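entry-v3.txt (compact mmCIF, C-alpha atoms) appears below.
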```
# COMPACT_ATOMS: atom_id res chain seq x y z
CA MET A 1 -50.16 12.12 31.80
CA THR A 2 -48.70 15.45 30.62
CA MET A 3 -51.29 18.13 29.90
CA GLY A 4 -51.38 19.83 26.49
CA PRO A 5 -49.81 23.28 26.32
CA ARG A 6 -53.03 25.29 26.52
CA ASP A 7 -54.44 23.38 29.50
CA LEU A 8 -51.14 23.35 31.39
CA LEU A 9 -50.73 27.09 30.85
CA LEU A 10 -54.18 27.69 32.34
CA HIS A 11 -53.54 25.25 35.19
CA ASP A 12 -49.95 26.07 36.24
CA ILE A 13 -47.97 28.67 34.28
CA GLU A 14 -44.68 27.98 36.09
CA GLU A 15 -44.87 24.28 35.24
CA TYR A 16 -45.80 25.23 31.68
CA MET A 17 -42.62 27.32 31.40
CA ARG A 18 -40.56 24.31 32.57
CA THR A 19 -42.31 21.86 30.22
CA TYR A 20 -42.77 23.51 26.81
CA ILE A 21 -40.31 25.57 24.79
CA THR A 22 -42.43 28.49 23.63
CA VAL A 23 -41.82 30.51 20.49
CA CYS A 24 -44.27 33.34 19.84
CA LYS A 25 -43.63 34.54 16.32
CA SER A 26 -43.20 38.20 15.37
CA ALA A 27 -46.11 39.99 17.00
CA ASP A 28 -46.73 42.47 14.17
CA SER A 29 -46.71 40.13 11.19
CA ASN A 30 -48.45 36.92 12.23
CA GLY A 31 -51.42 35.89 10.16
CA ALA A 32 -54.47 36.51 12.33
CA HIS A 33 -57.16 33.85 12.56
CA GLY A 34 -60.37 35.06 10.99
CA GLY A 35 -58.67 37.23 8.37
CA GLY A 36 -56.48 40.30 8.40
CA THR A 37 -53.11 40.66 10.08
CA VAL A 38 -51.97 41.48 13.59
CA LEU A 39 -50.33 44.61 12.16
CA GLN A 40 -53.71 45.86 10.95
CA TYR A 41 -55.26 44.95 14.29
CA LEU A 42 -52.59 46.91 16.18
CA GLN A 43 -53.15 49.92 13.98
CA GLY A 44 -56.81 49.75 14.89
CA ASN A 45 -55.85 49.72 18.56
CA GLY A 46 -53.69 52.83 18.48
CA PHE A 47 -50.30 51.78 17.11
CA ASN A 48 -50.05 53.91 13.99
CA TYR A 49 -46.55 52.73 13.00
CA GLY A 50 -45.55 56.23 11.99
CA ASN A 51 -42.07 57.70 12.02
CA ARG A 52 -41.44 57.43 15.75
CA HIS A 53 -39.23 54.53 16.77
CA THR A 54 -40.83 54.52 20.24
CA GLU A 55 -44.58 54.20 20.60
CA VAL A 56 -46.91 53.34 23.47
CA VAL A 57 -50.60 52.98 24.22
CA ILE A 58 -52.20 52.68 27.64
CA THR A 59 -54.79 50.16 26.48
CA ALA A 60 -53.29 46.80 25.54
CA PRO A 61 -54.83 45.06 22.50
CA LEU A 62 -56.72 41.89 23.39
CA VAL A 63 -55.89 38.96 21.12
CA HIS A 64 -56.21 35.19 21.17
CA ALA A 65 -53.22 32.86 21.34
CA TYR A 66 -53.25 29.43 19.69
CA PHE A 67 -50.75 26.92 21.09
CA THR A 68 -49.66 24.11 18.76
CA ILE A 69 -46.78 21.62 19.00
CA GLU A 70 -44.39 22.73 16.25
CA LEU A 71 -41.59 20.24 17.00
CA ALA A 72 -41.61 17.26 19.34
CA GLY A 73 -38.73 16.84 21.78
CA ARG A 74 -35.90 15.05 19.98
CA ASN A 75 -34.50 11.65 20.92
CA THR A 76 -36.64 11.50 24.05
CA ASP A 77 -35.77 7.80 24.43
CA ILE A 78 -32.27 9.03 25.37
CA PHE A 79 -32.85 12.54 26.75
CA GLY A 80 -35.61 12.81 29.30
CA PHE A 81 -35.14 16.58 29.38
CA SER A 82 -35.78 17.17 25.66
CA ARG A 83 -38.83 19.41 25.36
CA ASP A 84 -41.61 19.90 22.84
CA ARG A 85 -41.43 23.21 21.01
CA VAL A 86 -44.71 25.13 21.00
CA LYS A 87 -45.58 27.64 18.32
CA VAL A 88 -47.88 30.47 19.42
CA GLU A 89 -50.01 32.18 16.80
CA ILE A 90 -51.86 35.33 17.77
CA GLY A 91 -54.87 37.04 16.25
CA PRO A 92 -57.81 39.31 17.06
CA ASP A 93 -60.22 38.09 19.71
CA ASP A 94 -62.61 35.69 17.97
CA GLY A 95 -64.31 34.19 21.02
CA SER A 96 -62.88 30.73 20.40
CA HIS A 97 -62.87 28.34 23.36
CA THR A 98 -59.91 26.44 21.93
CA SER A 99 -57.54 29.38 22.29
CA VAL A 100 -56.35 31.53 25.18
CA PRO A 101 -57.35 35.22 25.50
CA MET A 102 -54.19 37.31 25.81
CA TYR A 103 -53.16 40.92 25.95
CA LEU A 104 -50.46 41.61 23.39
CA ILE A 105 -47.20 43.39 24.15
CA PRO A 106 -46.34 44.30 20.55
CA TYR A 107 -43.01 43.99 18.76
CA ARG A 108 -41.61 45.64 15.67
CA GLU A 109 -38.07 45.25 14.35
CA GLY A 110 -35.99 48.41 14.82
CA ASN A 111 -38.60 49.94 17.14
CA ALA A 112 -39.82 50.06 20.75
CA ARG A 113 -43.45 49.29 21.55
CA GLY A 114 -45.12 49.51 24.97
CA VAL A 115 -48.52 48.93 26.57
CA LYS A 116 -50.12 49.32 29.98
CA LEU A 117 -51.86 46.12 31.08
CA PRO A 118 -55.35 46.57 32.57
CA THR A 119 -56.57 46.00 36.09
CA GLN A 120 -59.15 43.33 36.90
CA ALA A 121 -61.68 46.10 37.57
CA GLN A 122 -61.15 47.43 34.05
CA ASP A 123 -61.79 44.22 32.12
CA GLY A 124 -63.71 42.07 34.62
CA PHE A 125 -61.71 38.90 33.85
CA ALA A 126 -61.10 36.59 36.79
CA GLU A 127 -57.79 35.64 35.17
CA ALA A 128 -55.89 37.21 32.27
CA PHE A 129 -52.66 36.60 30.34
CA ALA A 130 -50.21 38.64 28.25
CA ILE A 131 -47.52 37.66 25.77
CA THR A 132 -44.84 39.20 23.58
CA ALA A 133 -42.79 37.85 20.68
CA ALA A 134 -39.80 35.62 21.42
CA GLN A 135 -36.51 37.45 21.97
CA ASP A 136 -33.04 36.99 20.49
CA GLY A 137 -31.47 40.42 20.97
CA CYS A 138 -34.37 42.61 22.12
CA THR A 139 -35.10 44.05 25.56
CA PHE A 140 -38.35 43.41 27.44
CA GLU A 141 -39.11 45.72 30.36
CA VAL A 142 -41.82 45.82 33.04
CA PHE A 143 -42.37 48.39 35.80
CA GLY A 144 -45.04 50.21 37.79
CA SER A 145 -47.97 48.80 39.76
CA ALA A 146 -48.49 45.03 40.02
CA THR A 147 -52.21 45.57 39.34
CA SER A 148 -51.62 47.49 36.09
CA PRO A 149 -47.96 47.43 34.99
CA TYR A 150 -46.28 49.12 32.07
CA CYS A 151 -44.36 46.77 29.79
CA SER A 152 -42.49 47.06 26.51
CA HIS A 153 -40.52 45.18 23.86
CA SER A 154 -37.65 47.14 22.28
CA ASN A 155 -35.48 46.27 19.30
CA CYS A 156 -32.56 48.06 17.59
CA LYS A 157 -31.68 45.92 14.57
CA ASP A 158 -31.88 49.05 12.45
CA LYS A 159 -28.56 50.20 13.96
CA ALA A 160 -24.99 49.00 13.48
CA ALA A 161 -23.88 46.43 16.06
CA ASN A 162 -21.54 48.86 17.84
CA GLU A 163 -24.42 51.34 18.30
CA ARG A 164 -27.08 48.97 19.53
CA GLN A 165 -26.47 48.99 23.28
CA ASP A 166 -26.67 52.79 23.56
CA LYS A 167 -29.63 52.93 21.17
CA MET A 168 -31.50 50.33 23.23
CA LYS A 169 -31.04 52.43 26.38
CA ASP A 170 -32.26 55.49 24.50
CA ARG A 171 -35.42 53.76 23.27
CA VAL A 172 -36.28 52.28 26.66
CA ASP A 173 -35.83 55.71 28.28
CA LYS A 174 -38.11 57.28 25.67
CA LEU A 175 -40.76 54.70 26.51
CA HIS A 176 -41.02 56.18 30.01
CA ASP A 177 -41.50 59.67 28.58
CA ARG A 178 -44.13 58.44 26.13
CA PHE A 179 -46.02 56.52 28.83
CA LEU A 180 -46.11 59.69 30.94
CA GLN A 181 -47.31 61.75 27.97
CA ALA A 182 -50.05 59.20 27.23
CA GLU A 183 -51.24 59.18 30.86
CA GLN A 184 -51.24 62.98 31.03
CA ALA A 185 -53.23 63.19 27.80
CA VAL A 186 -55.96 61.08 29.45
CA ASN A 187 -55.69 62.04 33.13
CA GLY A 188 -54.27 65.56 33.10
CA ALA A 189 -51.71 66.06 35.88
CA PHE A 190 -50.06 62.69 36.34
CA VAL A 191 -46.81 61.52 37.94
CA MET A 192 -45.29 58.25 36.75
CA PRO A 193 -45.50 55.83 39.70
CA GLY A 194 -42.30 54.36 41.10
CA GLY A 195 -43.97 51.06 41.89
CA LEU A 196 -41.98 47.84 41.96
CA ALA A 197 -38.48 47.36 40.56
CA ARG A 198 -37.99 48.09 36.89
CA THR A 199 -36.99 44.75 35.42
CA GLN A 200 -35.36 44.20 32.05
CA PHE A 201 -35.11 40.81 30.34
CA GLN A 202 -32.43 41.67 27.85
CA ASN A 203 -29.32 41.10 25.82
CA TYR A 204 -27.98 44.68 25.78
CA SER A 205 -27.22 45.66 29.38
CA ASP A 206 -27.83 49.05 30.93
CA ASP A 207 -24.56 49.84 32.70
CA ARG A 208 -25.40 53.34 33.93
CA VAL A 209 -25.03 53.93 37.68
CA ALA A 210 -28.33 55.80 37.94
CA PRO A 211 -30.54 55.46 34.86
CA PRO A 212 -33.70 57.59 34.59
CA ASN A 213 -36.73 56.53 36.64
CA GLY A 214 -34.87 54.51 39.25
CA PRO A 215 -32.69 51.40 39.47
CA ILE A 216 -33.13 48.45 37.13
CA ARG A 217 -33.05 44.73 37.83
CA GLN A 218 -31.29 43.25 34.81
CA VAL A 219 -31.81 39.68 33.65
CA ASN A 220 -29.69 38.70 30.66
CA TYR A 221 -31.43 35.85 28.85
CA SER A 222 -28.19 34.21 27.79
CA ASP A 223 -26.80 34.16 31.34
CA GLY A 224 -29.11 31.41 32.61
CA ALA A 225 -28.33 29.29 29.57
CA LYS A 226 -24.60 29.68 30.17
CA ILE A 227 -24.93 28.80 33.86
CA ALA A 228 -26.85 25.64 33.01
CA VAL A 229 -24.38 24.56 30.33
CA ARG A 230 -21.33 25.27 32.49
CA GLY A 231 -22.80 22.87 35.03
CA ILE A 232 -22.78 19.98 32.55
CA ALA A 233 -20.10 21.07 30.06
CA ASP A 234 -17.31 18.68 31.07
CA GLN A 235 -19.30 15.91 32.71
CA SER A 236 -20.30 12.53 31.44
CA VAL A 237 -23.86 12.26 32.73
CA LYS A 238 -26.19 9.28 32.87
CA GLY A 239 -29.23 9.71 30.69
CA ASN A 240 -32.36 7.57 30.48
CA ARG A 241 -32.49 3.92 31.55
CA VAL A 242 -34.44 1.54 29.36
CA GLU A 243 -35.40 -1.99 30.48
CA THR A 244 -34.48 -4.38 27.67
CA GLY A 245 -35.38 -7.71 29.34
CA LEU A 246 -36.22 -9.40 32.62
CA PHE A 247 -32.65 -9.00 33.90
CA THR A 248 -31.13 -6.61 31.36
CA HIS A 249 -31.25 -2.87 30.76
CA ARG A 250 -29.61 -0.14 28.74
CA ARG A 251 -28.30 3.09 30.25
CA TYR A 252 -27.27 6.03 28.07
CA HIS A 253 -24.15 7.99 28.99
CA ILE A 254 -24.14 11.47 27.45
CA GLN A 255 -21.67 14.34 27.15
CA LEU A 256 -22.25 17.73 25.55
CA THR A 257 -20.37 18.11 22.27
CA ASP A 258 -17.63 20.71 21.98
CA GLN A 259 -19.61 22.50 19.28
CA SER A 260 -22.67 22.84 21.53
CA LYS A 261 -20.51 24.14 24.36
CA ARG A 262 -19.02 26.78 22.08
CA GLU A 263 -22.41 27.83 20.77
CA VAL A 264 -24.03 28.33 24.17
CA LEU A 265 -20.99 29.67 26.02
CA GLY A 266 -19.95 31.98 23.18
CA PRO A 267 -20.88 35.64 22.72
CA GLN A 268 -23.92 35.10 20.55
CA VAL A 269 -27.39 35.99 21.75
CA GLY A 270 -29.55 33.42 23.53
CA ALA A 271 -33.27 32.90 23.08
CA GLY A 272 -36.00 33.83 25.54
CA GLN A 273 -39.77 34.04 25.95
CA VAL A 274 -41.95 36.01 28.39
CA ILE A 275 -45.56 35.28 29.35
CA ALA A 276 -47.56 37.12 32.04
CA ARG A 277 -50.58 36.11 34.13
CA ARG A 278 -52.96 38.18 36.23
CA ARG A 279 -54.44 36.21 39.10
CA GLN A 280 -56.40 37.66 42.03
CA GLY A 281 -55.80 41.08 40.54
CA VAL A 282 -51.98 40.89 40.47
CA TRP A 283 -49.82 40.56 37.36
CA SER A 284 -46.80 38.23 37.44
CA PHE A 285 -44.32 37.75 34.58
CA TYR A 286 -42.53 34.47 33.78
CA TYR A 287 -39.66 33.66 31.44
CA GLN A 288 -37.67 30.83 29.90
CA GLU A 289 -34.30 30.51 28.16
CA HIS A 290 -33.90 27.62 25.71
CA ALA A 291 -31.53 26.12 23.16
CA SER A 292 -30.92 23.10 20.96
CA LEU A 293 -28.13 20.96 22.45
CA TYR A 294 -26.15 18.07 20.96
CA PHE A 295 -24.53 15.22 22.88
CA ASP A 296 -22.10 12.39 22.29
CA VAL A 297 -23.99 9.29 23.40
CA VAL A 298 -22.69 5.88 24.53
CA ALA A 299 -25.20 3.09 25.13
CA VAL A 300 -24.18 0.79 27.99
CA ASP A 301 -25.95 -2.58 28.10
CA LYS A 302 -25.99 -4.42 31.43
CA VAL A 303 -27.18 -7.64 33.03
CA GLY A 304 -28.46 -7.15 36.56
CA PRO A 305 -27.34 -4.07 38.50
CA LYS A 306 -23.61 -4.19 37.55
CA ALA A 307 -22.52 -6.72 34.93
CA GLU A 308 -21.66 -4.78 31.79
CA ARG A 309 -22.15 -6.58 28.46
CA ARG A 310 -21.07 -3.92 25.96
CA ARG A 311 -20.66 -0.21 25.20
CA THR A 312 -21.80 1.21 21.87
CA THR A 313 -21.36 4.76 20.57
CA ILE A 314 -24.68 5.61 18.97
CA SER A 315 -24.21 9.31 18.13
CA ASN A 316 -22.93 10.56 14.80
CA ALA A 317 -20.22 13.18 14.23
CA ASN A 318 -22.62 15.99 15.17
CA GLY A 319 -24.04 14.21 18.20
CA LYS A 320 -27.67 13.49 19.01
CA GLY A 321 -29.98 16.43 19.60
CA ALA A 322 -32.18 17.60 22.46
CA ASP A 323 -34.28 20.76 22.71
CA ALA A 324 -33.87 21.95 26.28
CA ILE A 325 -35.25 24.64 28.57
CA LEU A 326 -32.02 25.76 30.20
CA CYS A 327 -33.47 28.25 32.67
CA SER A 328 -36.95 29.41 33.67
CA GLY A 329 -38.65 31.21 36.52
CA GLN A 330 -40.56 34.29 37.60
CA LEU A 331 -39.29 37.58 36.18
CA TRP A 332 -41.42 40.20 37.98
CA PRO A 333 -42.35 41.31 40.63
CA ALA A 334 -40.07 38.67 42.23
CA TYR A 335 -37.20 36.96 40.44
CA THR A 336 -36.49 33.22 40.58
CA ALA A 337 -34.35 30.90 38.46
CA HIS A 338 -34.61 27.14 37.89
CA TYR A 339 -31.67 25.75 35.88
CA LEU A 340 -31.49 22.56 33.85
CA ASP A 341 -29.85 19.81 35.89
CA LEU A 342 -29.39 16.55 34.02
CA ASP A 343 -29.09 14.62 37.29
CA ASP A 344 -32.80 15.36 37.82
CA TYR A 345 -33.59 13.06 34.88
CA ASN A 346 -31.56 9.99 35.85
```
Can you give me the file's structure in the form of structure tokens?
Amino acid sequence: MTMGPRDLLLHDIEEYMRTYITVCKSADSNGAHGGGTVLQYLQGNGFNYGNRHTEVVITAPLVHAYFTIELAGRNTDIFGFSRDRVKVEIGPDDGSHTSVPMYLIPYREGNARGVKLPTQAQDGFAEAFAITAAQDGCTFEVFGSATSPYCSHSNCKDKAANERQDKMKDRVDKLHDRFLQAEQAVNGAFVMPGGLARTQFQNYSDDRVAPPNGPIRQVNYSDGAKIAVRGIADQSVKGNRVETGLFTHRRYHIQLTDQSKREVLGPQVGAGQVIARRRQGVWSFYYQEHASLYFDVVAVDKVGPKAERRRTTISNANGKGADAILCSGQLWPAYTAHYLDLDDYN
């Protein structure tokens, strides 16, 4: 039996990222459980939302995350890979045992926001989590020590499209300066640690040969989706098998519609989500890339293993839909990728 989202996240975060499409809504405007808003809570934790487009604090705000099924996987009788979509609401820590305590990596449209996640010695938690809002054009970055990394969520929708890539680089670079300033304000003389590879989960790439503060591992969150779709784009794949009688069964044959191919393989931005976990004192970050796909579907009814009775097209002009996790894996400190393979669901 499949675990619910909260329990599976606590039990096995990598399996959670392969099982549930996760959409954490805007992390500065969600209604917070218990009254108030997350924006007000962030202001109380050091984010003053002044005139600076880039802002950091070295103490991450502790919130609670509530995981609820927002949309069940569609046409699961046909598509075994169609996933439930989980909505994550976040609010100030209220001590609830039905939610998950999380550190928040804040987001604000047209701005860059960064936090330093705490060590186990600082908060005393045997296990801790962190989350940021879902991405569809932003850049998430993590770097530094695995026991207390720096991470950020940067957005540049306040700029014209042809200016956004350079502006994103500028804001991410400023985050490093602001982190250093914040550390020096607390600790005096301080040198920003090199630590593990700077990793960006992004749409706007950093194409400089030698960007400030060392090399960057770049993970474009539309790339994994494109790789997965290219693997199935021109194939007719067998979907679910359903037993219809003692000697009869139905097998669905599916093929991605041309419109879905164009949408995923085109230039538009994909969708991604990042969640982090600290276990045994070490932070690890995980990601997923997801999309809604549509397929032309033919139902093939058979008697016994081979005798075909009839073929029936059961999809409409737009196809039948599935919500799929196209790629997921670990983002930092290591990087792994697990792509959707429809043959896994035969």
### Message
Neighbouring residues of Ala337 (chain A) were defined as those with any atom within 12 Å, considering only C-alpha atoms; residues of the same chain fewer than 2 positions away were excluded. Please report them as JSON, numbers by chain.
### Response
{"A": [14, 17, 18, 219, 220, 221, 223, 224, 225, 227, 228, 286, 287, 288, 289, 325, 326, 327, 328, 329, 330, 331, 332, 334, 335, 339, 340]}
### Message
Please compute the CA of Asn45 (chain A)-CA of Val57 (chain A) distance, one decimal, in Å.
### Response
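The value is 8.4 Å.
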### Task
For Pro305 (chain A), list every protein, DNA or RNA residue within 12 Å, evaluated using all atoms listed in the file, and leave out those in the same chain fewer than 6 positions away; present the list as a ChimeraX atom specification.
/A:241,243,246-251
Counting all atoms listed in the file, which residues in region 85-149 of chain A sit no more than 12 Å from region 205-208 of chain A? For each one, give the nearest pair of atoms and the distance in Å, sorted by chain then residue number, as CSV.
```
residue,atom,partner,partner_atom,distance
A:Gly137,CA,A:Ser205,CA,10.8
A:Cys138,CA,A:Ser205,CA,10.6
A:Thr139,CA,A:Ser205,CA,8.9
A:Phe140,CA,A:Ser205,CA,11.5
A:Glu141,CA,A:Asp206,CA,11.8
```
### Task
Quote the spacing between CA of Tyr41 (chain A) and CA of Pro92 (chain A) in Å to one decimal place.
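CA of Pro92 (chain A) lies at a distance of 6.8 Å from CA of Tyr41 (chain A).
Ranking A:Arg310, A:Lys238, A:His338, A:Arg6 by their shortest atom-to-atom distance to Asp296 (chain A), with only C-alpha atoms included, puts A:Lys238 first.
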